Amino acid sequence: MNKNVFFAFSLISLAVLFSGCSSSPQVTRVSSDKQTDLSGYWNDTDVRIVSESIINDCLSSPRVAQFQKDKGKLPVVIVGTFKNDSDEHIDTSIITKKMETAIINSGKADFVASKSERSEIRDERQEQQSWSSEDTAKAIANETGADFMLIGSVKTMVDKAGKVATRTYYVYAELIDVETNKKIWMGSNEEIKKVIKTPGAKL
Amino acid sequence: MKKNIPVVLPLFLSLLLASCASVAHYSAIDNEVSTGNYPGAYAKVQASKDKYRNIDYVLYKLDAGLLAHYAGAWSDSSKLLTDAERGIESAFTKSVTREASSYLVNDNTKEYAGDDYEDVYLNVFNALNYYHKGSIEDAFVEIRRVDNKLKFIATKYNRAISNAQQATLEKSPGIPYDPEQATVKFTNSALARYLSMIMYRSQGEDDDARIDRDKVKLAFADQPSVYAFPLPTSLDDELAVPRGKARLNVMCFYGPAPIKNENTTRIPIGPGNWIKIALPVITQRPTAVARVEVTLDSGQTFTVEKIEDLGAVAAETFKQKASFIYFKTIMRSVAKTSSSVLLEKGAKKANDSGAGLLLSVLSVGAQVYAEASEQADLRISHYFPSKAAVGGITLDPGTYSFTVRYYNASNGLVHEERFQNVTVAAGGLNLTEAICIK
């Protein structure tokens with residue numbers, strides 16, 4: 001082999017080799033609504049699809065609208081347990097927070113602090129009794145009681161054979177009347193179904 | 001051809017050397033494990049991380065994940081075991097180059113993808129990690145993953161071993177093949193069901209708890225080869241806790257995990273030539289523990305009875321994988337030896353004495369290479385327990401101190417573990433875990 005050709009070939013090979021060895025990660029900013037399915041597990045796209053569908057369902061519920069007409073005030077909602085009954089570690093608080101945000105911003109309901117949030121607020125109120133001025137300290141035992149509790153769950157169904165797996169997500173949400181235990185609204189989303197084909201070979 | 005020898009020889013030698021997994025670091029960790037110093041063992045495995053090859057990523061995560069669990073480092077263990085699980089999923093996609101080299105050298109050149117039993121039980125230990133961290137919901141997620149994996153195991157290898165391949169093996173003289181050995185009889189884990197049962201009970205979901213209790217019974221009834229011991233007698237008591245009373249549960253893991261040994265067969269096929277078949281076989285390591293007893297400081301005692309033989313499950317679930325390894329090993333070994341035979345035939349036919357001598361030397365070299373390179377893949381995680389035992393006692397809610405004692409067959413004390421001021425609350429899950437990897 002001609003020495004020059006060999007030298008040129010070696011240089012090209014080294015250049016190709018090192019071009020694949022970057023020391024810093026490559027970051028590309030994408031729109032938050034861009035679909036990025038990497039592993040087949042629950043991701044931001046699923047949260048968006050599920051939340052939008054359930055929120056729309058809830059906001060257009062005639063029974064929720066009827067409450068305001070009957071009582072002359074907005075219904076007050078508290079977020080209860082949104083259970084993860086799936087086979088993945090899903091942070092369900094993202095779904096409930098999205099629902100809370102959308103419902104508050106729609107002006108169709110008010111929310112009160114959930115069980116996990118209110119202890120901090122109660123501590124603050126208690127502190128105010130000792131340390132704040134009389135005219136700014138907030139009264140104790142004056143909390144707003146919720147009319148409805150929002151609860152729900154995420155379940156998965158998995159089927160797998162060889163290199164192909166299907167994952168179907170069932171998301172349920174419901175509003176329950178705190179006083180009567182009546183369910184005034186139920187929503188579900190069963191749109192998320194993924195077929196995951198694992199490649200048999202890689203280099 | 002002479003010019004190619006210096007190129008080919010280092011290539012094969014490097015492949016051969018790359019196929020050797022280090023095991024020397026295990027003795028120092030084993031010493032810590034045998035004395036019950038699990039934090040020390042966890043520190044040692046972390047210090048030995050560089051002894052694990054890149055392709056043994058899953059092995060390291062499993063070893064470190066289990067030792068972290070025994071050391072009470074729940075968050076570390078959870079992360080390590082989750083990494084191991086992801087690694088196992090990722091290793092499902094085979095590297096073409098590594099797969100090819102495994103057909104040329106041996107299976108040690110492949111990425112370690114974990115055995116089925118490791119994939120199943122890592123979720124059980126992760127469920128316990130989440131329980132100790134206070135998240136029953138996440139513990140349930142892990143139990144559901146066990147269930148999904150067990151459903152999948154039964155169908156996993158059916159596609160890998162075709163009927164034609166099995167027929168070929170059955171007809172091959174001198175190569176024993178037992179189709180029965182390729183049938184896995186493990187689709188339901190009593191340990192996972194038991195854990196699920198007591199978790200459901202703690203959530204007040206009595207129907208689900210009852211369903212899991214029945215599934216524990218079914219696991220024993222349907223899989224006698226894996227559950228060759230009596231059902232724990234306390235099982236029904238778990239769901240008969242009177243209102244206002246509390247149930248203390250103790251789950252013990254004892255005995256060292258099984259290992260893999262090499263089973264070598266040499267089949268002569270002519271003068272100076274033989275097919276070497278080196279297969280991994282699961283070997284159970286003996287445990288000193290014959291029974292486990294819990295004694296409360298109040299004087300009450302209860303036995304902790306075996307619910308799962310993880311070693312037996314390892315052997316059972318390895319059967320299908322073993323039959324695939326068996327077929328591949330024979331193919332590879334026959335190919336290696338055939339090249340030696342062909343070279344020898346070439347040497348005999350050669351008109352030039354120099355060429356004949358070279359071919360003869362190459363023939364011997366090919367046979368030596370076949371002998372040296374045919375090594376079974378003996379990789380398996382080292383720190384799963386071999387047995388799991390469960391027991392419980394119904395008490396008044398309160399704080400209790402107790403001792404878990406492990407006895408050998410002659411009633412000699414093997415090990416004891418003390419638990420001080422354990423809160424036993426009504427309506428919740430009061431599960432204490434005890435470890436004795438002896």
# chains A, B, ... in the order shown; residues from 1 in each chain; ligands from 1
$ interface_residues --of "chain A" --to "chain B" --cutoff "9 Å" --atoms "only C-alpha atoms" --output "VMD selection string"
chain A and resid 83 to 90 158 to 163 198 to 203
$ select_by_dssp --residues "region 33-200 of chain B" --states "alpha helix (DSSP H)" --output "number ranges by chain"
B: 33-34, 38-47, 57-70, 74-90, 96-104, 116-132, 136-156, 163-171, 190-200
$ write_last_selection --atoms "C-alpha atoms" --output "compact mmCIF listing (two decimals), in the first residue's frame"
# COMPACT_ATOMS: atom_id res chain seq x y z
CA VAL B 33 -20.86 -11.18 54.65
CA SER B 34 -20.01 -14.31 56.65
CA TYR B 38 -23.05 -5.89 55.71
CA PRO B 39 -22.04 -2.21 55.77
CA GLY B 40 -18.43 -3.44 55.46
CA ALA B 41 -19.37 -5.76 52.62
CA TYR B 42 -21.19 -2.93 50.85
CA ALA B 43 -18.14 -0.68 51.22
CA LYS B 44 -15.90 -3.45 49.86
CA VAL B 45 -18.05 -4.09 46.79
CA GLN B 46 -18.06 -0.37 46.04
CA ALA B 47 -14.27 -0.34 46.35
CA TYR B 57 -22.54 -3.76 34.75
CA VAL B 58 -25.68 -5.68 35.76
CA LEU B 59 -23.64 -8.03 37.94
CA TYR B 60 -22.10 -5.13 39.88
CA LYS B 61 -25.45 -3.41 40.33
CA LEU B 62 -27.03 -6.62 41.64
CA ASP B 63 -24.15 -7.41 44.03
CA ALA B 64 -23.96 -3.84 45.31
CA GLY B 65 -27.76 -3.47 45.41
CA LEU B 66 -28.23 -6.56 47.57
CA LEU B 67 -25.38 -5.67 49.95
CA ALA B 68 -26.70 -2.11 50.27
CA HIS B 69 -30.09 -3.58 51.17
CA TYR B 70 -28.59 -5.83 53.86
CA TRP B 74 -32.43 1.57 51.33
CA SER B 75 -32.10 4.48 48.91
CA ASP B 76 -28.75 3.26 47.58
CA SER B 77 -30.11 -0.24 47.20
CA SER B 78 -33.22 0.99 45.45
CA LYS B 79 -31.18 2.97 42.93
CA LEU B 80 -28.69 0.14 42.35
CA LEU B 81 -31.40 -2.46 41.85
CA THR B 82 -33.35 -0.15 39.54
CA ASP B 83 -30.13 0.36 37.55
CA ALA B 84 -29.69 -3.43 37.41
CA GLU B 85 -33.25 -3.82 36.13
CA ARG B 86 -32.70 -1.17 33.44
CA GLY B 87 -29.41 -2.88 32.54
CA ILE B 88 -31.19 -6.21 32.14
CA GLU B 89 -33.80 -4.56 29.90
CA SER B 90 -31.11 -2.87 27.85
CA VAL B 96 -23.82 -7.95 17.19
CA THR B 97 -20.06 -7.83 17.72
CA ARG B 98 -20.22 -9.36 21.19
CA GLU B 99 -22.72 -11.97 20.06
CA ALA B 100 -20.41 -12.87 17.17
CA SER B 101 -17.40 -13.14 19.47
CA SER B 102 -19.41 -15.38 21.80
CA TYR B 103 -19.82 -17.79 18.87
CA LEU B 104 -16.04 -17.68 18.29
CA ASP B 116 -34.41 -14.70 35.24
CA TYR B 117 -34.46 -15.31 38.96
CA GLU B 118 -32.30 -12.23 39.52
CA ASP B 119 -34.64 -10.15 37.38
CA VAL B 120 -37.63 -11.34 39.43
CA TYR B 121 -36.20 -11.07 42.95
CA LEU B 122 -34.56 -7.69 42.47
CA ASN B 123 -38.11 -6.32 42.45
CA VAL B 124 -38.94 -8.16 45.69
CA PHE B 125 -35.94 -6.55 47.40
CA ASN B 126 -36.82 -3.22 45.87
CA ALA B 127 -40.35 -3.58 47.24
CA LEU B 128 -38.77 -4.05 50.67
CA ASN B 129 -36.55 -1.01 50.08
CA TYR B 130 -39.63 1.11 49.38
CA TYR B 131 -41.42 -0.32 52.41
CA HIS B 132 -38.49 0.63 54.64
CA ILE B 136 -46.16 1.21 50.31
CA GLU B 137 -47.47 2.51 46.96
CA ASP B 138 -44.03 2.21 45.38
CA ALA B 139 -43.56 -1.18 47.04
CA PHE B 140 -46.75 -2.32 45.27
CA VAL B 141 -45.32 -1.09 41.95
CA GLU B 142 -42.37 -3.45 42.43
CA ILE B 143 -44.66 -6.37 43.26
CA ARG B 144 -46.67 -5.74 40.06
CA ARG B 145 -43.43 -5.82 38.11
CA VAL B 146 -42.68 -9.25 39.59
CA ASP B 147 -46.08 -10.44 38.41
CA ASN B 148 -45.51 -9.17 34.86
CA LYS B 149 -42.08 -10.76 34.69
CA LEU B 150 -43.33 -14.14 35.86
CA LYS B 151 -45.97 -14.10 33.13
CA PHE B 152 -43.29 -13.36 30.56
CA ILE B 153 -40.72 -15.97 31.66
CA ALA B 154 -42.87 -18.90 30.53
CA THR B 155 -42.85 -17.68 26.92
CA LYS B 156 -39.40 -16.11 26.82
CA ASN B 163 -38.30 -27.46 17.28
CA ALA B 164 -35.72 -28.23 14.58
CA GLN B 165 -32.88 -27.34 16.90
CA GLN B 166 -34.34 -29.52 19.64
CA ALA B 167 -34.81 -32.41 17.21
CA THR B 168 -31.18 -32.10 16.13
CA LEU B 169 -29.98 -32.27 19.70
CA GLU B 170 -32.20 -35.22 20.54
CA LYS B 171 -30.81 -37.20 17.58
CA ALA B 190 -45.13 -17.33 47.02
CA LEU B 191 -42.72 -14.81 48.55
CA ALA B 192 -43.90 -11.96 46.30
CA ARG B 193 -47.55 -12.94 46.95
CA TYR B 194 -46.98 -13.09 50.69
CA LEU B 195 -45.42 -9.64 50.69
CA SER B 196 -48.29 -8.33 48.60
CA MET B 197 -50.79 -9.99 50.97
CA ILE B 198 -49.46 -8.31 54.11
CA MET B 199 -49.17 -4.98 52.30
CA TYR B 200 -52.80 -5.16 51.17
$ closest_atom_pairs --of "region 160-182 of chain A" --to "region 71-80 of chain A" --cutoff "12 Å" --atoms "only C-alpha atoms" --output "Markdown table"
| residue | atom | partner | partner_atom | distance |
| --- | --- | --- | --- | --- |
| A:Ala173 | CA | A:Gly80 | CA | 10.4 |
| A:Glu174 | CA | A:Gly80 | CA | 10.1 |
| A:Leu175 | CA | A:Val77 | CA | 8.3 |
| A:Ile176 | CA | A:Val77 | CA | 9.3 |
| A:Asp177 | CA | A:Val77 | CA | 9.3 |
| A:Val178 | CA | A:Val77 | CA | 9.3 |
$ residues_around --residues "His25 (chain B)" --least-positions-apart "3" --cutoff "7 Å" --atoms "only C-alpha atoms" --output "PDB file with all heavy atoms, in the first residue's frame"
ATOM      1  N   ALA B  28     -12.875 -11.184  49.750  1.00  0.00           N
ATOM      2  CA  ALA B  28     -12.871 -10.144  50.798  1.00  0.00           C
ATOM      3  C   ALA B  28     -14.310  -9.752  51.174  1.00  0.00           C
ATOM      4  O   ALA B  28     -14.622  -9.558  52.360  1.00  0.00           O
ATOM      5  CB  ALA B  28     -12.115  -8.919  50.312  1.00  0.00           C
ATOM      6  N   ILE B  29     -15.172  -9.667  50.152  1.00  0.00           N
ATOM      7  CA  ILE B  29     -16.577  -9.296  50.434  1.00  0.00           C
ATOM      8  C   ILE B  29     -17.260 -10.446  51.183  1.00  0.00           C
ATOM      9  O   ILE B  29     -17.996 -10.226  52.155  1.00  0.00           O
ATOM     10  CB  ILE B  29     -17.327  -8.979  49.122  1.00  0.00           C
ATOM     11  CG1 ILE B  29     -16.594  -7.900  48.322  1.00  0.00           C
ATOM     12  CG2 ILE B  29     -18.753  -8.542  49.406  1.00  0.00           C
ATOM     13  CD1 ILE B  29     -17.091  -7.724  46.894  1.00  0.00           C
ATOM     14  N   SER B  48     -14.539  -2.335  44.983  1.00  0.00           N
ATOM     15  CA  SER B  48     -14.130  -3.304  43.947  1.00  0.00           C
ATOM     16  C   SER B  48     -14.832  -3.062  42.618  1.00  0.00           C
ATOM     17  O   SER B  48     -14.795  -3.931  41.737  1.00  0.00           O
ATOM     18  CB  SER B  48     -14.465  -4.731  44.407  1.00  0.00           C
ATOM     19  OG  SER B  48     -13.939  -4.979  45.650  1.00  0.00           O
TER      20      SER B  48
END
$ closest_residue --among "B:Gln300, B:Ser27, B:Thr264, B:Thr35" --to "Glu371 (chain B)" --atoms "only C-alpha atoms"
B:Thr264
$ select_by_dssp --residues "region 45-134 of chain A" --states "strand (DSSP E or B)" --output "list in words"
Val76, Val77, Ile78, Val79, Gly80, Thr81, Phe82, Lys83, Asn84, Asp85, Asp110, Phe111 and Val112 of chain A
$ residues_around --residues "Lys34 (chain A)" --least-positions-apart "6" --cutoff "12 Å" --atoms "only C-alpha atoms" --output "ChimeraX atom specification"
/A:43-46,48-49
$ atom_distance --atom1 "CA of Thr317 (chain B)" --atom2 "CA of Val281 (chain B)"
12.1 Å
$ residues_around --residues "Lys51 (chain B)" --least-positions-apart "5" --cutoff "9 Å" --atoms "only C-alpha atoms" --output "ChimeraX atom specification"
/B:21-25
$ closest_residue --among "B:Ala290, B:Ile277, B:Val216, B:Ile211" --to "Ser373 (chain B)" --atoms "only C-alpha atoms"
B:Ile277
$ residues_around --residues "region 60-63 of chain A" --least-positions-apart "5" --cutoff "12 Å" --atoms "only C-alpha atoms" --output "PDB file with N, CA, C and O atoms, in the first residue's frame"
ATOM      1  N   SER A  53     -57.398  15.715  28.502  1.00  0.00           N
ATOM      2  CA  SER A  53     -58.676  15.033  28.279  1.00  0.00           C
ATOM      3  C   SER A  53     -59.534  15.019  29.542  1.00  0.00           C
ATOM      4  O   SER A  53     -60.731  15.305  29.510  1.00  0.00           O
ATOM      5  N   ILE A  54     -58.892  14.718  30.678  1.00  0.00           N
ATOM      6  CA  ILE A  54     -59.665  14.627  31.928  1.00  0.00           C
ATOM      7  C   ILE A  54     -60.135  16.012  32.379  1.00  0.00           C
ATOM      8  O   ILE A  54     -61.274  16.186  32.830  1.00  0.00           O
ATOM      9  N   ILE A  55     -59.256  17.008  32.236  1.00  0.00           N
ATOM     10  CA  ILE A  55     -59.625  18.375  32.651  1.00  0.00           C
ATOM     11  C   ILE A  55     -60.824  18.865  31.823  1.00  0.00           C
ATOM     12  O   ILE A  55     -61.802  19.389  32.369  1.00  0.00           O
ATOM     13  N   GLN A  68     -72.853  25.428  41.223  1.00  0.00           N
ATOM     14  CA  GLN A  68     -72.745  26.888  41.375  1.00  0.00           C
ATOM     15  C   GLN A  68     -74.128  27.534  41.302  1.00  0.00           C
ATOM     16  O   GLN A  68     -74.442  28.461  42.055  1.00  0.00           O
ATOM     17  N   LYS A  69     -74.945  27.010  40.371  1.00  0.00           N
ATOM     18  CA  LYS A  69     -76.302  27.565  40.214  1.00  0.00           C
ATOM     19  C   LYS A  69     -77.105  27.341  41.498  1.00  0.00           C
ATOM     20  O   LYS A  69     -77.776  28.238  41.997  1.00  0.00           O
ATOM     21  N   ASP A  70     -77.023  26.119  42.036  1.00  0.00           N
ATOM     22  CA  ASP A  70     -77.810  25.766  43.218  1.00  0.00           C
ATOM     23  C   ASP A  70     -77.346  26.516  44.462  1.00  0.00           C
ATOM     24  O   ASP A  70     -78.152  26.983  45.265  1.00  0.00           O
ATOM     25  N   PRO A  75     -67.879  25.803  43.658  1.00  0.00           N
ATOM     26  CA  PRO A  75     -67.572  24.621  44.478  1.00  0.00           C
ATOM     27  C   PRO A  75     -66.116  24.679  44.959  1.00  0.00           C
ATOM     28  O   PRO A  75     -65.247  25.149  44.235  1.00  0.00           O
ATOM     29  N   ILE A 103     -58.327  23.853  36.519  1.00  0.00           N
ATOM     30  CA  ILE A 103     -59.668  24.093  37.075  1.00  0.00           C
ATOM     31  C   ILE A 103     -59.734  25.469  37.754  1.00  0.00           C
ATOM     32  O   ILE A 103     -60.694  26.219  37.575  1.00  0.00           O
ATOM     33  N   SER A 106     -59.806  28.172  35.175  1.00  0.00           N
ATOM     34  CA  SER A 106     -61.063  28.216  34.417  1.00  0.00           C
ATOM     35  C   SER A 106     -62.118  29.043  35.162  1.00  0.00           C
ATOM     36  O   SER A 106     -63.132  29.432  34.593  1.00  0.00           O
ATOM     37  N   LYS A 108     -64.055  27.931  37.448  1.00  0.00           N
ATOM     38  CA  LYS A 108     -65.262  27.152  37.724  1.00  0.00           C
ATOM     39  C   LYS A 108     -65.248  26.489  39.101  1.00  0.00           C
ATOM     40  O   LYS A 108     -66.227  25.876  39.509  1.00  0.00           O
ATOM     41  N   PHE A 148     -65.990  19.172  47.587  1.00  0.00           N
ATOM     42  CA  PHE A 148     -65.691  17.929  46.832  1.00  0.00           C
ATOM     43  C   PHE A 148     -64.239  17.517  47.011  1.00  0.00           C
ATOM     44  O   PHE A 148     -63.360  18.366  47.211  1.00  0.00           O
ATOM     45  N   GLU A 174     -62.155  11.215  39.791  1.00  0.00           N
ATOM     46  CA  GLU A 174     -63.551  11.439  40.174  1.00  0.00           C
ATOM     47  C   GLU A 174     -63.652  12.521  41.252  1.00  0.00           C
ATOM     48  O   GLU A 174     -62.722  12.721  42.040  1.00  0.00           O
ATOM     49  N   LEU A 175     -64.784  13.226  41.236  1.00  0.00           N
ATOM     50  CA  LEU A 175     -65.069  14.239  42.256  1.00  0.00           C
ATOM     51  C   LEU A 175     -66.158  13.676  43.161  1.00  0.00           C
ATOM     52  O   LEU A 175     -67.222  13.264  42.682  1.00  0.00           O
ATOM     53  N   ILE A 176     -65.867  13.641  44.451  1.00  0.00           N
ATOM     54  CA  ILE A 176     -66.826  13.060  45.395  1.00  0.00           C
ATOM     55  C   ILE A 176     -67.302  14.146  46.361  1.00  0.00           C
ATOM     56  O   ILE A 176     -66.487  14.915  46.892  1.00  0.00           O
ATOM     57  N   ASP A 177     -68.614  14.185  46.571  1.00  0.00           N
ATOM     58  CA  ASP A 177     -69.210  15.141  47.510  1.00  0.00           C
ATOM     59  C   ASP A 177     -68.768  14.743  48.922  1.00  0.00           C
ATOM     60  O   ASP A 177     -69.055  13.626  49.380  1.00  0.00           O
ATOM     61  N   LYS A 182     -71.516  11.264  47.482  1.00  0.00           N
ATOM     62  CA  LYS A 182     -71.996  11.089  46.103  1.00  0.00           C
ATOM     63  C   LYS A 182     -70.886  11.427  45.122  1.00  0.00           C
ATOM     64  O   LYS A 182     -70.151  12.402  45.334  1.00  0.00           O
ATOM     65  N   LYS A 183     -70.785  10.626  44.069  1.00  0.00           N
ATOM     66  CA  LYS A 183     -69.811  10.931  43.024  1.00  0.00           C
ATOM     67  C   LYS A 183     -70.492  11.869  42.029  1.00  0.00           C
ATOM     68  O   LYS A 183     -71.475  11.488  41.409  1.00  0.00           O
ATOM     69  N   ILE A 184     -69.988  13.092  41.915  1.00  0.00           N
ATOM     70  CA  ILE A 184     -70.686  14.029  41.036  1.00  0.00           C
ATOM     71  C   ILE A 184     -70.065  14.067  39.633  1.00  0.00           C
ATOM     72  O   ILE A 184     -70.638  14.588  38.698  1.00  0.00           O
ATOM     73  N   TRP A 185     -68.873  13.536  39.550  1.00  0.00           N
ATOM     74  CA  TRP A 185     -68.252  13.485  38.215  1.00  0.00           C
ATOM     75  C   TRP A 185     -67.205  12.371  38.186  1.00  0.00           C
ATOM     76  O   TRP A 185     -66.502  12.141  39.169  1.00  0.00           O
ATOM     77  N   MET A 186     -67.136  11.670  37.066  1.00  0.00           N
ATOM     78  CA  MET A 186     -66.088  10.660  36.872  1.00  0.00           C
ATOM     79  C   MET A 186     -65.513  10.836  35.479  1.00  0.00           C
ATOM     80  O   MET A 186     -66.249  11.020  34.509  1.00  0.00           O
ATOM     81  N   GLY A 187     -64.219  10.816  35.405  1.00  0.00           N
ATOM     82  CA  GLY A 187     -63.559  10.910  34.095  1.00  0.00           C
ATOM     83  C   GLY A 187     -62.525   9.812  33.959  1.00  0.00           C
ATOM     84  O   GLY A 187     -61.963   9.344  34.957  1.00  0.00           O
TER      85      GLY A 187
END
$ closest_residue --among "B:Gly204, B:Pro271, B:Gly354, B:Gly114" --to "Gln367 (chain B)" --atoms "only C-alpha atoms"
B:Pro271
$ atom_distance --atom1 "CA of Ser363 (chain B)" --atom2 "CA of Leu279 (chain B)"
24.2 Å
$ atom_distance --atom1 "CA of Met149 (chain A)" --atom2 "CA of Asn189 (chain A)"
19.0 Å
$ residues_around --residues "Arg243 (chain B)" --least-positions-apart "4" --cutoff "12 Å" --atoms "only C-alpha atoms" --output "ChimeraX atom specification"
/B:204,239,247,394-397,425-428
$ decode --residues "region 162-173 of chain A" --atoms "N, CA, C and O atoms" --output "short mmCIF file (atom, residue, chain, number, x, y, z; two decimals), in the first residue's frame"
data_model
loop_
_atom_site.label_atom_id
_atom_site.label_comp_id
_atom_site.auth_asym_id
_atom_site.auth_seq_id
_atom_site.Cartn_x
_atom_site.Cartn_y
_atom_site.Cartn_z
N GLY A 162 -41.78 -12.11 23.43
CA GLY A 162 -40.57 -11.89 22.65
C GLY A 162 -40.10 -10.45 22.73
O GLY A 162 -39.93 -9.91 23.81
N LYS A 163 -39.94 -9.84 21.56
CA LYS A 163 -39.38 -8.48 21.54
C LYS A 163 -40.46 -7.40 21.59
O LYS A 163 -40.15 -6.22 21.56
N VAL A 164 -41.72 -7.81 21.59
CA VAL A 164 -42.80 -6.82 21.52
C VAL A 164 -43.59 -6.80 22.83
O VAL A 164 -43.94 -7.84 23.38
N ALA A 165 -43.83 -5.58 23.31
CA ALA A 165 -44.64 -5.42 24.53
C ALA A 165 -45.68 -4.34 24.27
O ALA A 165 -45.44 -3.41 23.51
N THR A 166 -46.83 -4.50 24.88
CA THR A 166 -47.81 -3.41 24.82
C THR A 166 -48.05 -2.92 26.25
O THR A 166 -48.10 -3.71 27.18
N ARG A 167 -48.15 -1.63 26.37
CA ARG A 167 -48.45 -1.02 27.67
C ARG A 167 -49.68 -0.14 27.48
O ARG A 167 -49.67 0.77 26.65
N THR A 168 -50.73 -0.44 28.23
CA THR A 168 -51.94 0.37 28.15
C THR A 168 -52.17 1.01 29.52
O THR A 168 -52.08 0.33 30.55
N TYR A 169 -52.44 2.31 29.50
CA TYR A 169 -52.63 3.05 30.75
C TYR A 169 -54.10 3.41 30.91
O TYR A 169 -54.73 3.88 29.96
N TYR A 170 -54.60 3.18 32.10
CA TYR A 170 -55.99 3.54 32.43
C TYR A 170 -55.93 4.57 33.55
O TYR A 170 -55.46 4.27 34.65
N VAL A 171 -56.37 5.78 33.23
CA VAL A 171 -56.33 6.84 34.24
C VAL A 171 -57.77 7.22 34.59
O VAL A 171 -58.58 7.49 33.70
N TYR A 172 -58.06 7.18 35.87
CA TYR A 172 -59.41 7.51 36.35
C TYR A 172 -59.33 8.69 37.30
O TYR A 172 -58.37 8.80 38.07
N ALA A 173 -60.32 9.56 37.24
CA ALA A 173 -60.42 10.65 38.22
C ALA A 173 -61.89 10.83 38.57
O ALA A 173 -62.77 10.57 37.73
#
